[in-house]
>>> print(open('model31.pdb').read())   # PDB, C-alpha atoms, pLDDT in the B column
MODEL        1
ATOM      1  CA  SER A  52       2.800  -7.339   6.394  1.00 62.00           C
ATOM      2  CA  GLY A  53      -0.665  -5.888   5.976  1.00 79.00           C
ATOM      3  CA  GLU A  54      -0.363  -3.423   8.829  1.00 85.00           C
ATOM      4  CA  TRP A  55      -1.396  -0.611   6.469  1.00 89.00           C
ATOM      5  CA  ILE A  56      -4.944  -2.008   6.388  1.00 91.00           C
ATOM      6  CA  THR A  57      -5.517  -0.957   9.998  1.00 91.00           C
ATOM      7  CA  SER A  58      -5.153   2.702   8.956  1.00 92.00           C
ATOM      8  CA  TYR A  59      -8.375   2.625   6.925  1.00 93.00           C
ATOM      9  CA  ASP A  60     -12.011   3.017   7.908  1.00 94.00           C
ATOM     10  CA  VAL A  61     -14.822   1.745   5.659  1.00 92.00           C
ATOM     11  CA  VAL A  62     -17.345   4.571   5.229  1.00 93.00           C
ATOM     12  CA  GLN A  63     -20.701   5.032   3.518  1.00 92.00           C
ATOM     13  CA  LYS A  64     -21.929   8.625   3.428  1.00 92.00           C
ATOM     14  CA  GLU A  65     -25.608   7.837   2.810  1.00 91.00           C
ATOM     15  CA  SER A  66     -27.806   4.787   2.292  1.00 90.00           C
ATOM     16  CA  SER A  67     -27.264   3.230  -1.192  1.00 89.00           C
ATOM     17  CA  ASP A  68     -23.932   5.079  -1.638  1.00 89.00           C
ATOM     18  CA  VAL A  69     -20.755   3.194  -2.497  1.00 87.00           C
ATOM     19  CA  LEU A  70     -18.370   2.269   0.297  1.00 88.00           C
ATOM     20  CA  THR A  71     -15.106   4.202   0.462  1.00 89.00           C
ATOM     21  CA  LEU A  72     -11.883   3.738   2.378  1.00 91.00           C
ATOM     22  CA  ASP A  73     -10.890   6.740   4.470  1.00 94.00           C
ATOM     23  CA  LEU A  74      -7.240   6.929   5.516  1.00 94.00           C
ATOM     24  CA  GLN A  75      -6.928   7.674   9.244  1.00 94.00           C
ATOM     25  CA  ASP A  76      -3.973   9.039  11.194  1.00 92.00           C
ATOM     26  CA  GLY A  77      -1.859   6.162  12.448  1.00 87.00           C
ATOM     27  CA  LEU A  78      -2.599   2.509  13.048  1.00 88.00           C
ATOM     28  CA  GLY A  79      -5.923   1.238  14.293  1.00 90.00           C
ATOM     29  CA  GLU A  80      -7.302  -1.878  15.921  1.00 87.00           C
ATOM     30  CA  CYS A  81      -8.030  -4.602  13.370  1.00 84.00           C
ATOM     31  CA  ARG A  82     -11.644  -5.639  13.774  1.00 88.00           C
ATOM     32  CA  ARG A  83     -14.422  -6.654  11.358  1.00 92.00           C
ATOM     33  CA  GLU A  84     -13.850  -3.940   8.713  1.00 92.00           C
ATOM     34  CA  CYS A  85     -10.097  -4.458   8.744  1.00 90.00           C
ATOM     35  CA  ASN A  86     -10.543  -8.212   8.330  1.00 90.00           C
ATOM     36  CA  THR A  87     -12.981  -7.584   5.450  1.00 90.00           C
ATOM     37  CA  ILE A  88     -10.395  -5.422   3.661  1.00 90.00           C
ATOM     38  CA  ALA A  89      -7.728  -8.086   4.252  1.00 91.00           C
ATOM     39  CA  HIS A  90     -10.028 -10.798   2.874  1.00 91.00           C
ATOM     40  CA  ALA A  91     -10.811  -8.739  -0.264  1.00 87.00           C
ATOM     41  CA  CYS A  92      -7.107  -8.050  -0.887  1.00 86.00           C
ATOM     42  CA  ARG A  93      -6.159 -11.689  -0.307  1.00 89.00           C
ATOM     43  CA  THR A  94      -8.896 -12.889  -2.685  1.00 88.00           C
ATOM     44  CA  VAL A  95      -7.788 -10.604  -5.529  1.00 87.00           C
ATOM     45  CA  PHE A  96      -4.120 -11.404  -4.908  1.00 88.00           C
ATOM     46  CA  GLU A  97      -4.623 -15.177  -4.850  1.00 90.00           C
ATOM     47  CA  GLU A  98      -6.764 -15.069  -7.986  1.00 89.00           C
ATOM     48  CA  HIS A  99      -4.315 -12.919  -9.989  1.00 89.00           C
ATOM     49  CA  ARG A 100      -0.951 -13.677  -8.383  1.00 91.00           C
ATOM     50  CA  GLU A 101       0.657 -14.942 -11.613  1.00 93.00           C
ATOM     51  CA  ASP A 102      -0.587 -12.020 -13.736  1.00 90.00           C
ATOM     52  CA  MET A 103       0.596  -9.494 -11.151  1.00 90.00           C
ATOM     53  CA  THR A 104       3.987 -11.187 -10.894  1.00 90.00           C
ATOM     54  CA  GLU A 105       4.352 -11.228 -14.674  1.00 90.00           C
ATOM     55  CA  MET A 106       3.533  -7.505 -14.954  1.00 87.00           C
ATOM     56  CA  LEU A 107       6.073  -6.619 -12.279  1.00 86.00           C
ATOM     57  CA  PHE A 108       8.750  -8.942 -13.698  1.00 86.00           C
ATOM     58  CA  LYS A 109       8.395  -7.614 -17.251  1.00 82.00           C
ATOM     59  CA  HIS A 110       8.729  -4.059 -15.997  1.00 79.00           C
ATOM     60  CA  TYR A 111      11.718  -4.935 -13.781  1.00 74.00           C
ATOM     61  CA  ARG A 112      13.387  -6.924 -16.582  1.00 69.00           C
ATOM     62  CA  GLN A 113      13.101  -4.002 -19.001  1.00 67.00           C
ATOM     63  CA  LEU A 114      14.713  -1.731 -16.423  1.00 67.00           C
ATOM     64  CA  ARG A 115      17.533  -4.249 -15.816  1.00 66.00           C
ATOM     65  CA  LEU A 116      18.211  -4.664 -19.531  1.00 63.00           C
ATOM     66  CA  GLY A 117      18.680  -0.926 -19.909  1.00 62.00           C
ATOM     67  CA  GLU A 118      15.633  -0.378 -22.069  1.00 56.00           C
ATOM     68  CA  GLN A 119      15.024   3.022 -20.466  1.00 57.00           C
ATOM     69  CA  GLU A 120      13.653   4.624 -23.656  1.00 56.00           C
ATOM     70  CA  ARG A 121      11.060   1.894 -24.103  1.00 55.00           C
ATOM     71  CA  VAL A 122      10.250   1.776 -20.377  1.00 50.00           C
ATOM     72  CA  ALA A 123       9.892   5.560 -20.184  1.00 56.00           C
ATOM     73  CA  LYS A 124       6.943   5.334 -22.570  1.00 60.00           C
ATOM     74  CA  HIS A 125       5.398   2.384 -20.720  1.00 65.00           C
ATOM     75  CA  VAL A 126       6.278   3.060 -17.087  1.00 72.00           C
ATOM     76  CA  LEU A 127       4.335   0.788 -14.762  1.00 78.00           C
ATOM     77  CA  THR A 128       3.276   3.259 -12.100  1.00 81.00           C
ATOM     78  CA  ALA A 129       1.329   2.186  -9.031  1.00 83.00           C
ATOM     79  CA  GLU A 130      -1.770   3.778 -10.578  1.00 85.00           C
ATOM     80  CA  LYS A 131      -1.364   1.825 -13.848  1.00 86.00           C
ATOM     81  CA  PHE A 132      -0.719  -1.394 -11.953  1.00 86.00           C
ATOM     82  CA  VAL A 133      -3.879  -0.981  -9.843  1.00 84.00           C
ATOM     83  CA  SER A 134      -5.900   0.053 -12.896  1.00 83.00           C
ATOM     84  CA  ARG A 135      -4.827  -3.033 -14.856  1.00 85.00           C
ATOM     85  CA  ILE A 136      -5.724  -5.318 -11.988  1.00 85.00           C
ATOM     86  CA  CYS A 137      -9.054  -3.600 -11.346  1.00 82.00           C
ATOM     87  CA  THR A 138     -10.223  -3.094 -14.914  1.00 81.00           C
ATOM     88  CA  LYS A 139      -8.649  -5.927 -16.892  1.00 81.00           C
ATOM     89  CA  LEU A 140      -8.198  -8.780 -14.452  1.00 82.00           C
ATOM     90  CA  SER A 141     -10.554  -8.645 -11.502  1.00 78.00           C
ATOM     91  CA  LYS A 142     -14.307  -8.684 -11.166  1.00 71.00           C
ATOM     92  CA  SER A 143     -13.927  -7.632  -7.497  1.00 68.00           C
ATOM     93  CA  CYS A 144     -13.071  -4.018  -8.130  1.00 68.00           C
ATOM     94  CA  PRO A 145     -15.394  -1.000  -7.930  1.00 64.00           C
ATOM     95  CA  GLY A 146     -17.971  -0.415 -10.577  1.00 66.00           C
ATOM     96  CA  LYS A 147     -21.125  -1.991  -9.251  1.00 72.00           C
ATOM     97  CA  THR A 148     -23.760   0.212  -7.670  1.00 80.00           C
ATOM     98  CA  PRO A 149     -24.957  -0.961  -4.254  1.00 83.00           C
ATOM     99  CA  PRO A 150     -28.570  -2.164  -4.103  1.00 87.00           C
ATOM    100  CA  SER A 151     -31.171   0.493  -3.402  1.00 90.00           C
ATOM    101  CA  GLY A 152     -31.503   1.056   0.331  1.00 91.00           C
ATOM    102  CA  PHE A 153     -28.224  -0.732   1.191  1.00 91.00           C
ATOM    103  CA  LYS A 154     -26.893   0.603   4.493  1.00 92.00           C
ATOM    104  CA  HIS A 155     -23.407  -0.371   5.651  1.00 90.00           C
ATOM    105  CA  LYS A 156     -23.278  -1.327   9.332  1.00 90.00           C
ATOM    106  CA  ASP A 157     -20.581   1.081  10.419  1.00 90.00           C
ATOM    107  CA  GLU A 158     -17.860   0.032  12.806  1.00 91.00           C
ATOM    108  CA  HIS A 159     -16.120   3.110  14.160  1.00 88.00           C
ATOM    109  CA  TRP A 160     -12.403   3.153  13.517  1.00 90.00           C
ATOM    110  CA  MET A 161     -10.382   2.872  16.724  1.00 89.00           C
ATOM    111  CA  PRO A 162      -6.774   3.982  16.992  1.00 89.00           C
ATOM    112  CA  VAL A 163      -4.303   1.693  18.724  1.00 85.00           C
ATOM    113  CA  ILE A 164      -4.600   2.814  22.330  1.00 81.00           C
ATOM    114  CA  ASP A 165      -2.037   0.527  23.927  1.00 79.00           C
ATOM    115  CA  GLU A 166       1.040   0.924  21.726  1.00 78.00           C
ATOM    116  CA  GLU A 167       3.128  -1.460  23.858  1.00 83.00           C
ATOM    117  CA  GLY A 168       0.371  -4.088  23.847  1.00 81.00           C
ATOM    118  CA  TYR A 169       0.118  -3.765  20.063  1.00 78.00           C
ATOM    119  CA  LYS A 170       3.861  -4.305  19.649  1.00 81.00           C
ATOM    120  CA  MET A 171       3.708  -7.344  21.970  1.00 85.00           C
ATOM    121  CA  ARG A 172       0.789  -8.885  19.988  1.00 81.00           C
ATOM    122  CA  LYS A 173       2.685  -8.272  16.765  1.00 80.00           C
ATOM    123  CA  MET A 174       5.805  -9.961  18.162  1.00 85.00           C
ATOM    124  CA  GLN A 175       3.752 -12.886  19.484  1.00 88.00           C
ATOM    125  CA  HIS A 176       2.106 -13.300  16.077  1.00 82.00           C
ATOM    126  CA  ALA A 177       5.527 -13.369  14.384  1.00 83.00           C
ATOM    127  CA  ILE A 178       6.800 -15.968  16.875  1.00 89.00           C
ATOM    128  CA  ASN A 179       3.694 -18.140  16.384  1.00 86.00           C
ATOM    129  CA  LYS A 180       4.007 -17.877  12.607  1.00 83.00           C
ATOM    130  CA  GLN A 181       7.680 -18.840  12.733  1.00 85.00           C
ATOM    131  CA  GLY A 182       6.853 -21.784  14.996  1.00 84.00           C
ATOM    132  CA  LYS A 183       4.200 -23.059  12.582  1.00 83.00           C
ATOM    133  CA  GLU A 184       6.612 -22.768   9.662  1.00 81.00           C
ATOM    134  CA  THR A 185       9.280 -24.660  11.612  1.00 81.00           C
ATOM    135  CA  GLU A 186       6.813 -27.410  12.590  1.00 76.00           C
ATOM    136  CA  GLY A 187       5.606 -27.715   9.000  1.00 65.00           C
ATOM    137  CA  GLY A 188       9.160 -28.098   7.688  1.00 57.00           C
ATOM    138  CA  ALA A 189      10.141 -30.700  10.286  1.00 53.00           C
ATOM    139  CA  ALA A 190       7.182 -33.000   9.632  1.00 47.00           C
TER     140      ALA A 190
ENDMDL
END
>>> encode(input="model31.pdb", output="structure tokens")
Amino acid sequence: SGEWITSYDVVQKESSDVLTLDLQDGLGECRRECNTIAHACRTVFEEHREDMTEMLFKHYRQLRLGEQERVAKHVLTAEKFVSRICTKLSKSCPGKTPPSGFKHKDEHWMPVIDEEGYKMRKMQHAINKQGKETEGGAA
């Protein structure tokens, strides 16, 4: 449920360089950079939800119908899926050069220190989410 985002750190090697996502070992605390990644993902997903669903459904349907020969030539790999979203659908994907002198305000990635506390917060979030869904359905 988005937990993977906490494993990334947003990095800029030098002023005016592009920002990159560096995969860290394990889960981290979700702070400003993590929330920025989540917002960017949510924006692209909400904007292209139907197109993404259609791509996945067409690929799945071909597999279900036994069209292996046709699918083998046009396999929808994760790389192809991301490429289609980034190059054909979205204007949010990489390609723009940062303005001259742009310096990212770095927020050091922090691993989850209190594993038990993290699990408790995650459980509490799930309970709160379920409660909101129940309240919304009962109204």
>>> residues_around(input="model31.pdb", residues="segment 75-78 of chain A", least_positions_apart="5", cutoff="9 Å", atoms="only C-alpha atoms", output="JSON list (two decimals) with C-alpha atoms, keeping the file's coordinate frame")
[["chain", "number", "residue", "atom", "x", "y", "z"],
["A", 54, "GLU", "CA", -0.36, -3.42, 8.83],
["A", 55, "TRP", "CA", -1.40, -0.61, 6.47],
["A", 56, "ILE", "CA", -4.94, -2.01, 6.39],
["A", 57, "THR", "CA", -5.52, -0.96, 10.00],
["A", 58, "SER", "CA", -5.15, 2.70, 8.96],
["A", 59, "TYR", "CA", -8.38, 2.62, 6.92],
["A", 60, "ASP", "CA", -12.01, 3.02, 7.91],
["A", 160, "TRP", "CA", -12.40, 3.15, 13.52],
["A", 161, "MET", "CA", -10.38, 2.87, 16.72],
["A", 162, "PRO", "CA", -6.77, 3.98, 16.99],
["A", 163, "VAL", "CA", -4.30, 1.69, 18.72]]
>>> resolve_selection(input="model31.pdb", expression="the PyMOL selection byres ((chain A and resi 166-177) around 12)", output="number ranges by chain")
A: 52-54, 57, 77-81, 162-165, 178-184
>>> atom_distance(input="model31.pdb", atom1="atom CA of Leu140 of chain A", atom2="atom CA of Asp102 of chain A")
8.3 Å
>>> atom_distance(input="model31.pdb", atom1="atom CA of Ser67 of chain A", atom2="atom CA of Pro149 of chain A")
5.7 Å
>>> residues_around(input="model31.pdb", residues="Lys156 of chain A", least_positions_apart="5", cutoff="10 Å", atoms="only C-alpha atoms", output="mmCIF file with C-alpha atoms, in the frame of the given file")
data_model
loop_
_atom_site.group_PDB
_atom_site.id
_atom_site.type_symbol
_atom_site.label_atom_id
_atom_site.label_comp_id
_atom_site.auth_asym_id
_atom_site.auth_seq_id
_atom_site.Cartn_x
_atom_site.Cartn_y
_atom_site.Cartn_z
ATOM 1 C CA VAL A 61 -14.822 1.745 5.659
ATOM 2 C CA VAL A 62 -17.345 4.571 5.229
ATOM 3 C CA GLN A 63 -20.701 5.032 3.518
ATOM 4 C CA GLU A 84 -13.850 -3.940 8.713
#
>>> closest_residue(input="model31.pdb", among="A:Cys85, A:Val126, A:Leu74, A:Ile136", to="Thr104 of chain A", atoms="only C-alpha atoms")
A:Ile136
